[in-house]
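start37.cif (mmCIF, C-alpha atoms and all ligand atoms)
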```
data_model
loop_
_atom_site.label_atom_id
_atom_site.label_comp_id
_atom_site.auth_asym_id
_atom_site.auth_seq_id
_atom_site.Cartn_x
_atom_site.Cartn_y
_atom_site.Cartn_z
CA MET W 137 41.73 4.00 -98.12
CA SER W 138 39.15 2.07 -100.08
CA MET W 139 36.71 0.32 -97.85
CA SER W 140 35.51 -2.18 -100.43
CA PRO W 141 35.28 -5.52 -98.74
CA PRO W 142 38.13 -7.88 -99.60
CA ASP W 143 37.10 -10.89 -101.63
CA ALA W 144 36.06 -13.90 -99.65
CA LEU W 145 35.77 -11.93 -96.46
CA ASN W 146 35.27 -14.30 -93.60
CA TYR W 147 34.89 -13.63 -89.91
CA GLU W 148 38.65 -13.77 -89.17
CA ARG W 149 39.49 -11.35 -91.95
CA PHE W 150 36.68 -9.04 -90.89
CA GLN W 151 37.95 -9.14 -87.32
CA GLN W 152 41.47 -8.28 -88.45
CA LEU W 153 40.14 -5.11 -90.07
CA GLN W 154 39.00 -3.82 -86.62
CA MET W 155 36.86 -1.26 -88.39
CA ARG W 156 35.13 0.61 -85.55
CA LEU W 157 31.76 0.71 -87.34
CA ASP W 158 28.53 1.66 -85.59
CA MET W 159 25.18 0.49 -86.92
CA SER W 160 23.39 0.70 -83.60
CA ARG W 161 21.22 3.83 -83.75
CA GLY W 162 18.95 5.34 -86.38
CA LYS W 163 20.69 8.68 -86.67
CA PRO W 164 20.68 10.83 -89.82
CA ALA W 165 24.05 10.99 -91.58
CA PRO W 166 25.95 14.30 -91.68
CA GLU W 167 25.05 14.68 -95.39
CA GLN W 168 21.38 14.50 -94.44
CA LEU W 169 21.86 17.18 -91.81
CA ASP W 170 23.66 19.27 -94.43
CA LEU W 171 20.45 19.33 -96.49
CA SER W 172 19.03 21.78 -93.96
CA ARG W 173 22.10 23.96 -93.54
CA ALA W 174 19.92 26.90 -94.52
CA LEU W 175 18.25 26.64 -91.13
CA LEU W 176 21.56 27.61 -89.57
CA ASP W 177 22.88 29.90 -92.28
CA ASP W 178 19.67 31.89 -92.63
CA ALA W 179 18.64 31.81 -88.98
CA ALA W 180 18.98 35.55 -88.57
CA ALA W 181 17.06 36.18 -91.78
CA ALA W 182 14.01 34.36 -90.38
CA GLY W 183 13.75 37.20 -87.90
CA PHE W 184 11.61 37.14 -84.80
CA ARG W 185 8.24 38.50 -85.90
CA ALA W 186 5.49 35.98 -86.45
CA ARG W 187 2.94 36.39 -89.21
CA ASP W 188 0.72 38.51 -87.00
CA GLY W 189 3.63 40.56 -85.67
CA PHE W 190 4.02 38.57 -82.44
CA ASP W 191 7.53 38.92 -80.99
CA CYS W 192 8.78 35.35 -80.90
CA ARG W 193 11.59 36.32 -78.56
CA ASN W 194 9.13 36.63 -75.74
CA TYR W 195 7.23 34.26 -73.47
CA GLY W 196 3.81 32.98 -74.38
CA LEU W 197 1.82 30.92 -76.87
CA LEU W 198 1.84 27.79 -74.76
CA LEU W 199 0.36 25.68 -77.55
CA GLY W 200 2.85 27.00 -80.09
CA LEU W 201 3.06 29.58 -82.82
CA PRO W 202 -0.17 29.54 -84.87
CA GLU W 203 1.71 29.04 -88.14
CA ALA W 204 3.66 26.14 -86.59
CA ARG W 205 0.37 24.56 -85.52
CA GLU W 206 -1.00 25.10 -89.03
CA LEU W 207 2.06 23.48 -90.59
CA GLY W 208 1.59 20.55 -88.22
CA GLY W 209 -2.07 20.39 -89.17
CA GLU W 210 -1.25 20.30 -92.86
CA LEU W 211 1.45 17.66 -92.47
CA LEU W 212 -0.47 15.47 -90.01
CA GLY W 213 -3.90 15.88 -91.59
CA VAL W 214 -5.43 17.22 -88.38
CA PRO W 215 -7.25 20.56 -87.83
CA PRO W 216 -4.68 23.09 -86.51
CA ALA W 217 -6.79 23.74 -83.40
CA GLN W 218 -6.11 20.12 -82.44
CA VAL W 219 -2.36 20.41 -82.96
CA VAL W 220 0.15 21.63 -80.39
CA ALA W 221 3.55 22.82 -81.65
CA ALA W 222 6.01 22.11 -78.90
CA GLY W 223 9.72 21.72 -78.34
CA ASN W 224 12.43 19.78 -80.12
CA SER W 225 11.58 16.17 -79.40
CA SER W 226 8.48 14.05 -79.86
CA LEU W 227 9.89 11.45 -77.49
CA GLU W 228 9.80 13.94 -74.64
CA LEU W 229 6.15 14.66 -75.46
CA MET W 230 5.40 10.94 -75.21
CA HIS W 231 7.23 10.77 -71.91
CA ASP W 232 5.31 13.79 -70.63
CA ALA W 233 1.96 12.46 -71.83
CA LEU W 234 2.49 9.24 -69.90
CA ALA W 235 3.81 11.10 -66.85
CA PHE W 236 0.78 13.46 -66.92
CA ALA W 237 -1.61 10.51 -67.20
CA LEU W 238 0.08 8.78 -64.28
CA LEU W 239 0.03 11.90 -62.13
CA HIS W 240 -3.24 13.55 -63.13
CA GLY W 241 -5.38 11.08 -65.10
CA VAL W 242 -6.79 11.82 -68.57
CA PRO W 243 -10.13 13.18 -69.83
CA GLN W 244 -12.82 10.55 -69.73
CA GLY W 245 -16.37 10.62 -71.09
CA GLU W 246 -18.37 13.47 -72.57
CA SER W 247 -17.84 15.80 -69.60
CA GLY W 248 -14.08 15.67 -70.05
CA GLU W 249 -13.72 14.99 -66.30
CA ARG W 250 -10.37 13.49 -65.55
CA SER W 251 -10.06 9.84 -64.69
CA ALA W 252 -8.26 9.00 -61.49
CA PRO W 253 -4.49 9.34 -61.88
CA TRP W 254 -3.26 6.16 -63.49
CA ARG W 255 -0.74 5.60 -60.71
CA ALA W 256 -3.62 5.60 -58.21
CA GLN W 257 -5.40 2.88 -60.17
CA GLY W 258 -3.00 0.13 -59.11
CA ASP W 259 -0.89 -1.90 -61.48
CA ILE W 260 -1.15 -0.48 -64.99
CA ALA W 261 0.10 -1.84 -68.27
CA PHE W 262 0.79 -0.88 -71.90
CA LEU W 263 0.56 -3.12 -74.92
CA CYS W 264 3.88 -3.15 -76.74
CA PRO W 265 3.91 -4.53 -80.28
CA ALA W 266 7.26 -6.26 -80.55
CA PRO W 267 9.72 -5.85 -82.13
CA GLY W 268 9.22 -2.18 -81.30
CA TYR W 269 11.07 0.99 -80.35
CA ASP W 270 13.41 0.52 -77.40
CA ARG W 271 12.93 4.09 -76.16
CA HIS W 272 9.15 3.59 -75.85
CA PHE W 273 9.87 0.61 -73.67
CA ALA W 274 12.43 2.58 -71.66
CA ILE W 275 9.73 5.19 -70.87
CA CYS W 276 7.41 2.48 -69.56
CA GLU W 277 10.18 0.94 -67.51
CA ALA W 278 11.27 4.26 -66.04
CA LEU W 279 7.71 5.25 -65.10
CA GLY W 280 6.75 1.85 -63.71
CA VAL W 281 4.28 0.80 -66.40
CA ARG W 282 4.13 -2.95 -66.96
CA MET W 283 4.70 -3.99 -70.57
CA ILE W 284 2.78 -6.70 -72.37
CA ALA W 285 4.37 -7.74 -75.67
CA VAL W 286 2.03 -8.41 -78.58
CA PRO W 287 3.13 -9.90 -81.90
CA MET W 288 3.90 -7.51 -84.73
CA ARG W 289 3.08 -8.41 -88.32
CA ALA W 290 3.77 -6.74 -91.66
CA ASP W 291 0.39 -4.97 -91.54
CA GLY W 292 0.55 -3.95 -87.88
CA PRO W 293 0.01 -5.58 -84.50
CA ASP W 294 -1.87 -8.87 -84.29
CA MET W 295 -5.32 -7.39 -83.75
CA ASP W 296 -7.00 -10.56 -82.51
CA VAL W 297 -4.53 -10.62 -79.63
CA VAL W 298 -4.81 -6.86 -79.03
CA GLU W 299 -8.62 -6.82 -79.02
CA ALA W 300 -8.87 -9.79 -76.67
CA LEU W 301 -6.44 -8.24 -74.16
CA VAL W 302 -7.86 -4.71 -74.26
CA ARG W 303 -11.45 -5.93 -73.95
CA GLU W 304 -10.75 -8.06 -70.87
CA ASP W 305 -8.04 -6.30 -68.90
CA ALA W 306 -8.84 -2.92 -67.35
CA SER W 307 -5.23 -2.50 -66.21
CA ILE W 308 -4.24 -1.99 -69.85
CA LYS W 309 -4.29 1.79 -70.19
CA GLY W 310 -2.42 2.30 -73.40
CA MET W 311 -0.59 0.94 -76.38
CA TRP W 312 2.41 2.05 -78.41
CA CYS W 313 1.71 2.36 -82.13
CA MET W 314 4.05 3.36 -84.94
CA PRO W 315 1.66 3.24 -87.89
CA LEU W 316 4.01 3.85 -90.79
CA TYR W 317 7.39 2.20 -91.40
CA SER W 318 7.33 0.99 -87.83
CA ASN W 319 10.62 0.95 -85.95
CA PRO W 320 12.28 -1.52 -86.50
CA THR W 321 10.21 -3.87 -88.71
CA GLY W 322 9.00 -1.38 -91.32
CA ALA W 323 5.40 -2.51 -90.76
CA ILE W 324 2.69 -0.40 -92.36
CA TYR W 325 -0.60 -0.53 -90.48
CA ALA W 326 -3.40 -1.66 -92.78
CA ASP W 327 -6.59 0.44 -92.85
CA ASP W 328 -8.47 -2.35 -91.14
CA VAL W 329 -5.90 -2.49 -88.33
CA VAL W 330 -6.25 1.26 -87.77
CA ARG W 331 -10.05 1.00 -87.77
CA ARG W 332 -9.98 -1.85 -85.28
CA LEU W 333 -7.59 0.03 -83.00
CA ALA W 334 -9.79 3.11 -83.19
CA SER W 335 -13.02 1.30 -82.42
CA MET W 336 -12.20 -1.76 -80.28
CA PRO W 337 -13.99 -1.98 -76.94
CA ALA W 338 -11.66 -1.34 -74.01
CA ALA W 339 -12.15 -2.47 -70.43
CA ALA W 340 -10.33 0.69 -69.29
CA PRO W 341 -12.57 3.70 -70.08
CA ASP W 342 -9.46 5.93 -70.16
CA PHE W 343 -7.51 3.75 -72.61
CA ARG W 344 -5.15 5.64 -74.97
CA LEU W 345 -3.26 4.86 -78.17
CA PHE W 346 0.17 6.50 -78.11
CA TRP W 347 0.38 7.08 -81.86
CA ASP W 348 4.00 7.79 -82.76
CA ASP W 349 4.01 8.87 -86.41
CA ALA W 350 7.80 9.33 -86.46
CA TYR W 351 8.27 8.06 -90.02
CA ARG W 352 5.25 9.63 -91.67
CA PHE W 353 7.37 11.45 -94.26
CA HIS W 354 10.21 8.97 -94.62
CA HIS W 355 9.61 6.99 -97.79
CA LEU W 356 12.31 4.87 -99.40
CA THR W 357 10.43 3.96 -102.58
CA ASP W 358 8.31 5.71 -105.20
CA THR W 359 5.21 4.83 -103.23
CA ALA W 360 4.51 7.41 -100.56
CA HIS W 361 2.52 5.18 -98.23
CA ALA W 362 0.03 6.77 -95.89
CA THR W 363 -2.01 5.24 -93.10
CA LEU W 364 -5.65 5.85 -92.28
CA ASP W 365 -6.50 9.02 -90.31
CA VAL W 366 -6.72 7.51 -86.83
CA ILE W 367 -8.04 10.65 -85.13
CA ALA W 368 -10.97 10.79 -87.55
CA ALA W 369 -11.48 7.02 -87.32
CA SER W 370 -11.62 7.08 -83.53
CA ALA W 371 -14.02 10.06 -83.55
CA ALA W 372 -16.24 8.24 -86.03
CA ALA W 373 -16.22 5.19 -83.76
CA GLY W 374 -17.34 7.22 -80.74
CA GLN W 375 -13.85 7.07 -79.21
CA ALA W 376 -12.80 10.64 -79.91
CA ASP W 377 -10.35 10.85 -77.02
CA ARG W 378 -8.59 7.57 -77.65
CA VAL W 379 -5.62 8.84 -79.68
CA LEU W 380 -2.59 10.90 -78.67
CA MET W 381 -0.56 11.55 -81.82
CA PHE W 382 3.11 12.52 -81.84
CA ALA W 383 5.45 13.54 -84.65
CA SER W 384 8.51 15.66 -85.27
CA LEU W 385 10.84 16.99 -87.92
CA SER W 386 13.84 15.38 -86.22
CA LYS W 387 14.78 13.31 -89.24
CA VAL W 388 13.73 16.01 -91.67
CA THR W 389 15.89 18.91 -90.48
CA ILE W 390 17.90 18.67 -87.23
CA ALA W 391 17.76 15.53 -85.10
CA GLY W 392 16.61 16.48 -81.62
CA GLY W 393 16.70 20.16 -82.60
CA ALA W 394 13.66 20.50 -84.81
CA LEU W 395 9.99 20.87 -84.05
CA ALA W 396 7.69 18.37 -82.41
CA TRP W 397 3.89 18.16 -82.50
CA PHE W 398 1.21 16.68 -80.29
CA ALA W 399 -2.21 16.20 -81.94
CA ALA W 400 -5.42 14.87 -80.42
CA SER W 401 -9.10 15.56 -79.73
CA PRO W 402 -10.07 19.02 -78.42
CA ARG W 403 -10.58 17.54 -74.92
CA ASN W 404 -7.12 15.98 -74.97
CA VAL W 405 -5.57 19.24 -76.21
CA ALA W 406 -7.25 21.13 -73.35
CA TRP W 407 -5.88 18.52 -70.94
CA TRP W 408 -2.41 18.87 -72.44
CA GLN W 409 -2.64 22.65 -72.11
CA ARG W 410 -3.53 22.43 -68.40
CA CYS W 411 -0.79 19.92 -67.67
CA THR W 412 1.98 21.67 -69.62
CA SER W 413 1.13 25.14 -68.33
CA VAL W 414 2.72 24.09 -65.05
CA ARG W 415 5.82 22.84 -66.81
CA THR W 416 6.61 25.73 -69.16
CA ILE W 417 5.61 29.30 -70.01
CA GLY W 418 5.83 28.50 -73.70
CA PRO W 419 7.97 26.76 -76.32
CA ASP W 420 10.91 28.13 -78.31
CA LYS W 421 8.98 30.08 -80.94
CA LEU W 422 12.08 31.39 -82.69
CA ASN W 423 12.90 27.82 -83.61
CA GLN W 424 9.31 27.21 -84.64
CA LEU W 425 9.36 30.33 -86.79
CA ARG W 426 12.49 29.40 -88.69
CA HIS W 427 11.19 25.88 -89.23
CA VAL W 428 7.91 27.20 -90.59
CA ARG W 429 9.77 29.51 -92.95
CA TYR W 430 12.08 26.70 -94.05
CA VAL W 431 9.74 23.71 -94.32
CA ARG W 432 6.80 25.87 -95.47
CA ASP W 433 4.31 23.28 -96.67
CA ARG W 434 3.73 19.72 -97.76
CA ALA W 435 5.28 20.22 -101.21
CA THR W 436 8.49 21.74 -99.81
CA LEU W 437 8.73 18.96 -97.25
CA ASP W 438 8.23 16.30 -99.90
CA ALA W 439 11.04 17.79 -102.00
CA LEU W 440 13.36 17.74 -98.99
CA MET W 441 12.40 14.17 -98.16
CA ALA W 442 13.21 13.13 -101.73
CA ARG W 443 16.76 14.37 -101.12
CA HIS W 444 16.93 12.36 -97.89
CA ARG W 445 15.72 9.33 -99.79
CA ALA W 446 18.45 9.78 -102.41
CA LEU W 447 21.02 9.51 -99.61
CA LEU W 448 19.31 6.75 -97.63
CA ALA W 449 17.94 4.37 -100.24
CA PRO W 450 21.36 3.26 -101.57
CA LYS W 451 22.39 2.31 -98.02
CA PHE W 452 19.30 0.16 -97.54
CA ALA W 453 19.86 -1.36 -100.98
CA ALA W 454 23.49 -2.12 -100.10
CA VAL W 455 22.49 -4.02 -96.97
CA ASP W 456 19.91 -5.95 -98.91
CA GLU W 457 22.38 -6.80 -101.66
CA VAL W 458 24.98 -8.08 -99.19
CA PHE W 459 22.40 -10.08 -97.22
CA ARG W 460 21.03 -11.67 -100.40
CA ARG W 461 24.50 -12.66 -101.53
CA ARG W 462 25.75 -13.81 -98.13
CA LEU W 463 22.66 -15.00 -96.29
CA GLY W 464 20.23 -15.82 -99.10
CA GLN W 465 20.89 -19.54 -98.75
CA ALA W 466 21.23 -19.64 -94.97
CA SER W 467 18.43 -21.66 -93.48
CA GLY W 468 16.23 -19.87 -90.96
CA VAL W 469 17.55 -16.41 -91.88
CA ARG W 470 15.28 -13.66 -93.19
CA TRP W 471 15.09 -9.89 -93.21
CA ASN W 472 12.66 -7.23 -94.34
CA GLU W 473 13.02 -4.73 -97.16
CA PRO W 474 11.51 -1.62 -95.62
CA GLU W 475 9.67 0.83 -97.85
CA GLY W 476 10.48 3.66 -95.49
CA GLY W 477 11.81 4.53 -92.06
CA TYR W 478 15.26 3.95 -90.66
CA PHE W 479 15.67 0.25 -89.90
CA ILE W 480 16.02 -3.24 -91.26
CA SER W 481 15.08 -6.20 -89.09
CA LEU W 482 17.23 -9.29 -89.58
CA TYR W 483 16.07 -12.56 -88.08
CA GLY W 484 18.41 -15.48 -87.50
CA PRO W 485 17.44 -18.92 -86.28
CA ASP W 486 16.32 -18.96 -82.65
CA GLY W 487 19.15 -18.49 -80.19
CA THR W 488 21.57 -16.72 -82.55
CA ALA W 489 21.02 -12.96 -82.15
CA ARG W 490 22.93 -12.32 -78.94
CA ARG W 491 25.99 -14.24 -80.08
CA THR W 492 25.94 -12.50 -83.46
CA VAL W 493 26.00 -9.10 -81.76
CA GLU W 494 28.87 -10.29 -79.53
CA LEU W 495 30.94 -11.59 -82.43
CA ALA W 496 30.33 -8.42 -84.43
CA GLY W 497 31.38 -6.38 -81.39
CA GLU W 498 34.61 -8.33 -81.04
CA ALA W 499 35.38 -7.40 -84.64
CA GLY W 500 34.74 -3.69 -84.00
CA LEU W 501 31.18 -3.47 -85.30
CA VAL W 502 28.67 -2.05 -82.84
CA LEU W 503 25.12 -3.32 -83.32
CA THR W 504 22.00 -2.57 -81.31
CA PRO W 505 22.06 -5.00 -78.36
CA ALA W 506 20.10 -8.14 -79.13
CA GLY W 507 16.68 -7.98 -77.50
CA ALA W 508 16.59 -4.16 -77.44
CA ALA W 509 13.48 -4.09 -79.61
CA PHE W 510 11.52 -6.10 -77.03
CA PRO W 511 10.00 -5.11 -73.68
CA TYR W 512 12.55 -5.46 -70.87
CA GLY W 513 15.24 -6.07 -73.50
CA VAL W 514 14.30 -9.72 -73.82
CA ASP W 515 13.71 -11.29 -77.21
CA PRO W 516 12.12 -14.60 -76.21
CA LEU W 517 13.47 -16.28 -79.34
CA ASP W 518 16.83 -14.45 -79.35
CA SER W 519 16.54 -14.16 -83.10
CA HIS W 520 16.03 -10.47 -83.93
CA LEU W 521 18.69 -7.95 -84.94
CA ARG W 522 17.97 -4.29 -85.59
CA ILE W 523 20.11 -2.84 -88.37
CA ALA W 524 20.40 0.94 -88.62
CA PRO W 525 22.13 1.81 -91.91
CA SER W 526 21.47 5.56 -91.98
CA PHE W 527 24.49 7.08 -90.27
CA PRO W 528 27.65 5.44 -91.67
CA SER W 529 28.85 6.21 -95.19
CA LEU W 530 27.74 3.93 -98.03
CA ASP W 531 31.09 2.12 -98.07
CA GLU W 532 30.95 1.61 -94.34
CA VAL W 533 27.38 0.35 -94.54
CA ARG W 534 28.39 -2.20 -97.17
CA LEU W 535 31.30 -3.41 -95.07
CA ALA W 536 29.19 -3.46 -91.91
CA ALA W 537 26.56 -5.57 -93.69
CA GLU W 538 29.32 -7.98 -94.66
CA GLY W 539 30.43 -7.98 -91.03
CA ILE W 540 26.92 -8.76 -89.78
CA ALA W 541 26.60 -11.54 -92.33
CA VAL W 542 29.93 -13.18 -91.49
CA SER W 543 29.23 -12.89 -87.76
CA LEU W 544 25.83 -14.57 -88.15
CA LEU W 545 27.29 -17.21 -90.48
CA ARG W 546 30.00 -17.95 -87.91
CA VAL W 547 27.32 -18.52 -85.25
CA LEU W 548 25.45 -20.83 -87.64
CA GLU W 549 28.65 -22.77 -88.45
CA THR W 550 29.43 -23.19 -84.76
CA ASP W 551 25.94 -24.51 -84.07
CA GLN W 552 26.18 -26.87 -87.00
CA ALA W 553 29.56 -28.17 -85.84
CA LEU W 554 28.13 -28.82 -82.37
CA ALA W 555 25.15 -30.64 -83.84
CA THR W 556 27.23 -33.02 -85.93
N1 LIG W 601 9.83 7.74 -82.34
C1 LIG W 601 10.44 6.82 -83.09
C2 LIG W 601 9.69 5.63 -83.56
C3 LIG W 601 11.79 6.96 -83.41
O1 LIG W 601 12.39 6.02 -84.14
C4 LIG W 601 12.48 8.09 -82.95
C5 LIG W 601 13.93 8.32 -83.27
N2 LIG W 601 14.71 7.22 -83.38
C6 LIG W 601 11.81 9.02 -82.17
C7 LIG W 601 10.49 8.83 -81.89
C8 LIG W 601 12.50 10.23 -81.60
O2 LIG W 601 11.98 11.37 -82.14
P1 LIG W 601 12.34 12.80 -81.60
O3 LIG W 601 13.69 13.17 -82.06
O4 LIG W 601 11.25 13.66 -82.15
O5 LIG W 601 12.26 12.76 -80.09
#
```
What is this file in C-alpha cells?
Ligand code: PMP
Amino acid sequence: MSMSPPDALNYERFQQLQMRLDMSRGKPAPEQLDLSRALLDDAAAAGFRARDGFDCRNYGLLLGLPEARELGGELLGVPPAQVVAAGNSSLELMHDALAFALLHGVPQGESGERSAPWRAQGDIAFLCPAPGYDRHFAICEALGVRMIAVPMRADGPDMDVVEALVREDASIKGMWCMPLYSNPTGAIYADDVVRRLASMPAAAPDFRLFWDDAYRFHHLTDTAHATLDVIAASAAAGQADRVLMFASLSKVTIAGGALAWFAASPRNVAWWQRCTSVRTIGPDKLNQLRHVRYVRDRATLDALMARHRALLAPKFAAVDEVFRRRLGQASGVRWNEPEGGYFISLYGPDGTARRTVELAGEAGLVLTPAGAAFPYGVDPLDSHLRIAPSFPSLDEVRLAAEGIAVSLLRVLETDQALAT
C-alpha cells in the first residue's frame, strides 16, 4: 500500500486512515541498526583476548578495557586516564552519578575530600534548561532533586539567568547540559556559553555540570559541529572538578546495547572508581572489545555516522517540507531545522500543544506527551511539541508530519472559531 498522503488531507481524512504511527521517541530505525550487523555477525571473530592478552571473559578492569578507554579518549577529546569505559547506557551512568553524589558527596577542593552527601545538605536543586530531555528530569524527580527550569536558546542556556542563580543559591548542586544538538531543540552551545559554564562562580562549592554529550557524532549536515572542550575549559578556569561528561555509542551501533563512557577530572574518576567498586566487579569487556574492534577510531566512526545521516537526513527534510507547506503561513507557529541529533521542536501558539497531541492521538498518531520536555512535565506556555522522526519509515514520517500539521491546524481553527 502506498502511504503517500492523499491530496487535500484534512484532519477528518487523516483520522479515517487510523494509521498507528509513533513519533514519540528518538529511537534508531531498523535500517540504522542494520548498519552495525557486523557486531552480531562477527561477534565470535572478535574473540576474548584484549590487546595485552587479558581474558575479557573474566572479572576485573573496573574502569574498563584500556583500549575502550582509549577509544573514548579519542572520540571525546579527553586523556584516556580520565575516561571510564562502562556498561551499555550513558543514562544509567548519569543516574548513578547523581545517586552517588546524593549518598556519598563528591570531591571538593584540592584535597579531594568528599563534600557532605548531597541528601544530607537539605533541599537540593538542579538547573534544567528547558525544553530538555525528559529522562534527565525523570532522574531528578525519582531521586528527589528539585528542578529549576532555565530558558534554552539556540546557542545554549540563557547564561545571564544561569550565572545569577548559581552564584546566589547554594542549594543548586548541578545542571543538565547537552552541548551539541541538544535534545529536543537542536541547540549548539556557543564557545562563550561553554566558557561561562566552566568558569562561573558557584555558591555551592561542590557544584557539577552533568555534561551529556549524547549527540556528539550525530551530524545531519555537511558541517560537523563541535563544541568547546569543557573539561579543559573548566580546568583552565580553576574549576577542574566541575564537569562530569557522559556519552555512548547507543545511536551509533546498538541502542542500549553499546558502550558508554564517563569522563572527568582525575579526582572525579577516582571518586567514580570508589563508588562503582561497590556496585560491580567490572563491566562487560567482551562487549567493549567487539565495539573497539568494530568502531576502531574517529575515521571509522565518521564513516559509519555518514551512513546514519544518509538514512536520517531525508526524514528530517520531509518533516520540514511538510511543515513549510502546511504550517508556513500559520501565525504563531515555528519549528527548528536541527543540524544534528534526533529531534525537531515544533512550537504552536500558547495553549495549543496538549490539544494537538490529543487530536493526533485520536487519529492514531502517537506523539511525545505535551510538556514532556519540561521539568515536572509542565510546559508553562503549552506550546512545545517534540517530534522524533528517526524510527518510522520515510513514507510514515511524511504522513505523520501531515498528521501533526492537520492536528495543529484543527486546534488553530477551533480557537479562531471561538474567538469570532
Ligand atoms: N542522553 C540523551 C540526550 C538522549 O537523547 C538519550 C537517548 N534518547 C540518552 C542520553 C540515552 O543514552 P543511552 O542509550 O546511552 O543511555
> Hey, which of W:Arg282, W:Arg185, W:Arg522, W:Arg434 ends up closest to ligand LIG 601 (chain W)? Count all atoms listed in the file.
Replying inline: W:Arg522
>> So the first atom is CA of Ser401 in chain W and the second is CA of Val219 in chain W; what is the distance between them in Å, to one decimal place?
In response: 8.9 Å
> Within 10 Å of ligand LIG 601 (chain W), counting all atoms listed in the file, which protein or nucleic acid residues do you find, written as a ChimeraX atom specification?
Replying inline: /W:161-164,223-231,268-272,312-320,347-351,382-387,390-397,477-479,524
>> Under the rule that all atoms listed in the file are counted, which of W:Ile284, W:Leu548, W:Ala233, W:Leu425 is the nearest residue to Asp305 in chain W?
In response: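 Comparing W:Ile284, W:Leu548, W:Ala233, W:Leu425 against Asp305 in chain W, the winner is W:Ile284.
Proximity of W:Ala186, W:Ile324, W:Leu176, W:Ala165 to Leu201 in chain W, computed with only C-alpha atoms, is greatest for W:Ala186.
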>> If I take CA of Val330 in chain W and CA of Ala399 in chain W, how far is one from the other in Å, to one decimal?
In response: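 If I compute the distance from CA of Val330 in chain W to CA of Ala399 in chain W, I get 16.5 Å.
Compared by their closest atoms to Pro511 in chain W, and using all atoms listed in the file, the residues W:Ala204, W:Leu197, W:Leu171, W:Ala261 rank with W:Ala261 nearest.
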>> What does the structure give for the distance between CA of Glu538 in chain W and CA of Asp551 in chain W, in Å to one decimal?
In response: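 Calculated distance between CA of Glu538 in chain W and CA of Asp551 in chain W is 19.9 Å.
Of the listed residues W:Ile308, W:Val502, W:Ala489, W:Leu199, the one whose atoms come nearest to Ala222 in chain W is W:Leu199, with distances taken using all atoms listed in the file.
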> Could you pull the residues within 12 Å of Ala360 in chain W, counting only C-alpha atoms, minus those fewer than 3 positions along the same chain, as a list of chain:residue names?
Replying inline: W:Leu316, W:Tyr317, W:Ile324, W:Tyr351, W:Arg352, W:Phe353, W:His354, W:His355, W:Leu356, W:Thr357, W:Thr363, W:Asp438, W:Met441, W:Ala442, W:Arg445, W:Glu475, W:Gly476, W:Gly477
>> Between W:Ile417, W:Met295, W:Val458, W:Met283, which residue has the minimum interatomic distance to Arg534 in chain W, considering all atoms listed in the file?
In response: W:Val458
>> Please return as JSON, numbers by chain every residue within 10 Å of (11.7, 35.1, -87.0), taking into account only C-alpha atoms and the file's own coordinates.
In response: {"W": [179, 180, 181, 182, 183, 184, 185, 186, 187, 189, 190, 191, 192, 193, 421, 422, 423, 424, 425, 426, 427, 428, 429]}
>> List the spatial neighbours of Gly484 in chain W as number ranges by chain - criterion: any atom at most 8 Å away, only C-alpha atoms, same-chain residues fewer than 4 positions off excluded.
In response: W: 468-470, 488-489, 519-521, 544
Would you save range 486-504 of chain W from the block above with C-alpha atoms, as an mmCIF file, in the first residue's frame?
```cif
data_model
loop_
_atom_site.group_PDB
_atom_site.id
_atom_site.type_symbol
_atom_site.label_atom_id
_atom_site.label_comp_id
_atom_site.auth_asym_id
_atom_site.auth_seq_id
_atom_site.Cartn_x
_atom_site.Cartn_y
_atom_site.Cartn_z
ATOM 1 C CA ASP W 486 0.391 29.278 23.557
ATOM 2 C CA GLY W 487 -2.183 26.796 24.785
ATOM 3 C CA THR W 488 -2.196 24.536 21.716
ATOM 4 C CA ALA W 489 0.331 21.742 22.335
ATOM 5 C CA ARG W 490 -1.682 19.479 24.609
ATOM 6 C CA ARG W 491 -4.753 19.553 22.385
ATOM 7 C CA THR W 492 -2.638 18.909 19.290
ATOM 8 C CA VAL W 493 -1.175 15.787 20.887
ATOM 9 C CA GLU W 494 -4.693 14.662 21.876
ATOM 10 C CA LEU W 495 -6.111 15.165 18.392
ATOM 11 C CA ALA W 496 -3.157 13.389 16.808
ATOM 12 C CA GLY W 497 -3.643 10.523 19.258
ATOM 13 C CA GLU W 498 -7.314 10.208 18.352
ATOM 14 C CA ALA W 499 -6.227 9.807 14.743
ATOM 15 C CA GLY W 500 -3.732 7.051 15.618
ATOM 16 C CA LEU W 501 -0.563 9.132 15.739
ATOM 17 C CA VAL W 502 1.394 8.867 18.981
ATOM 18 C CA LEU W 503 3.413 11.976 19.838
ATOM 19 C CA THR W 504 5.556 12.677 22.882
#
```
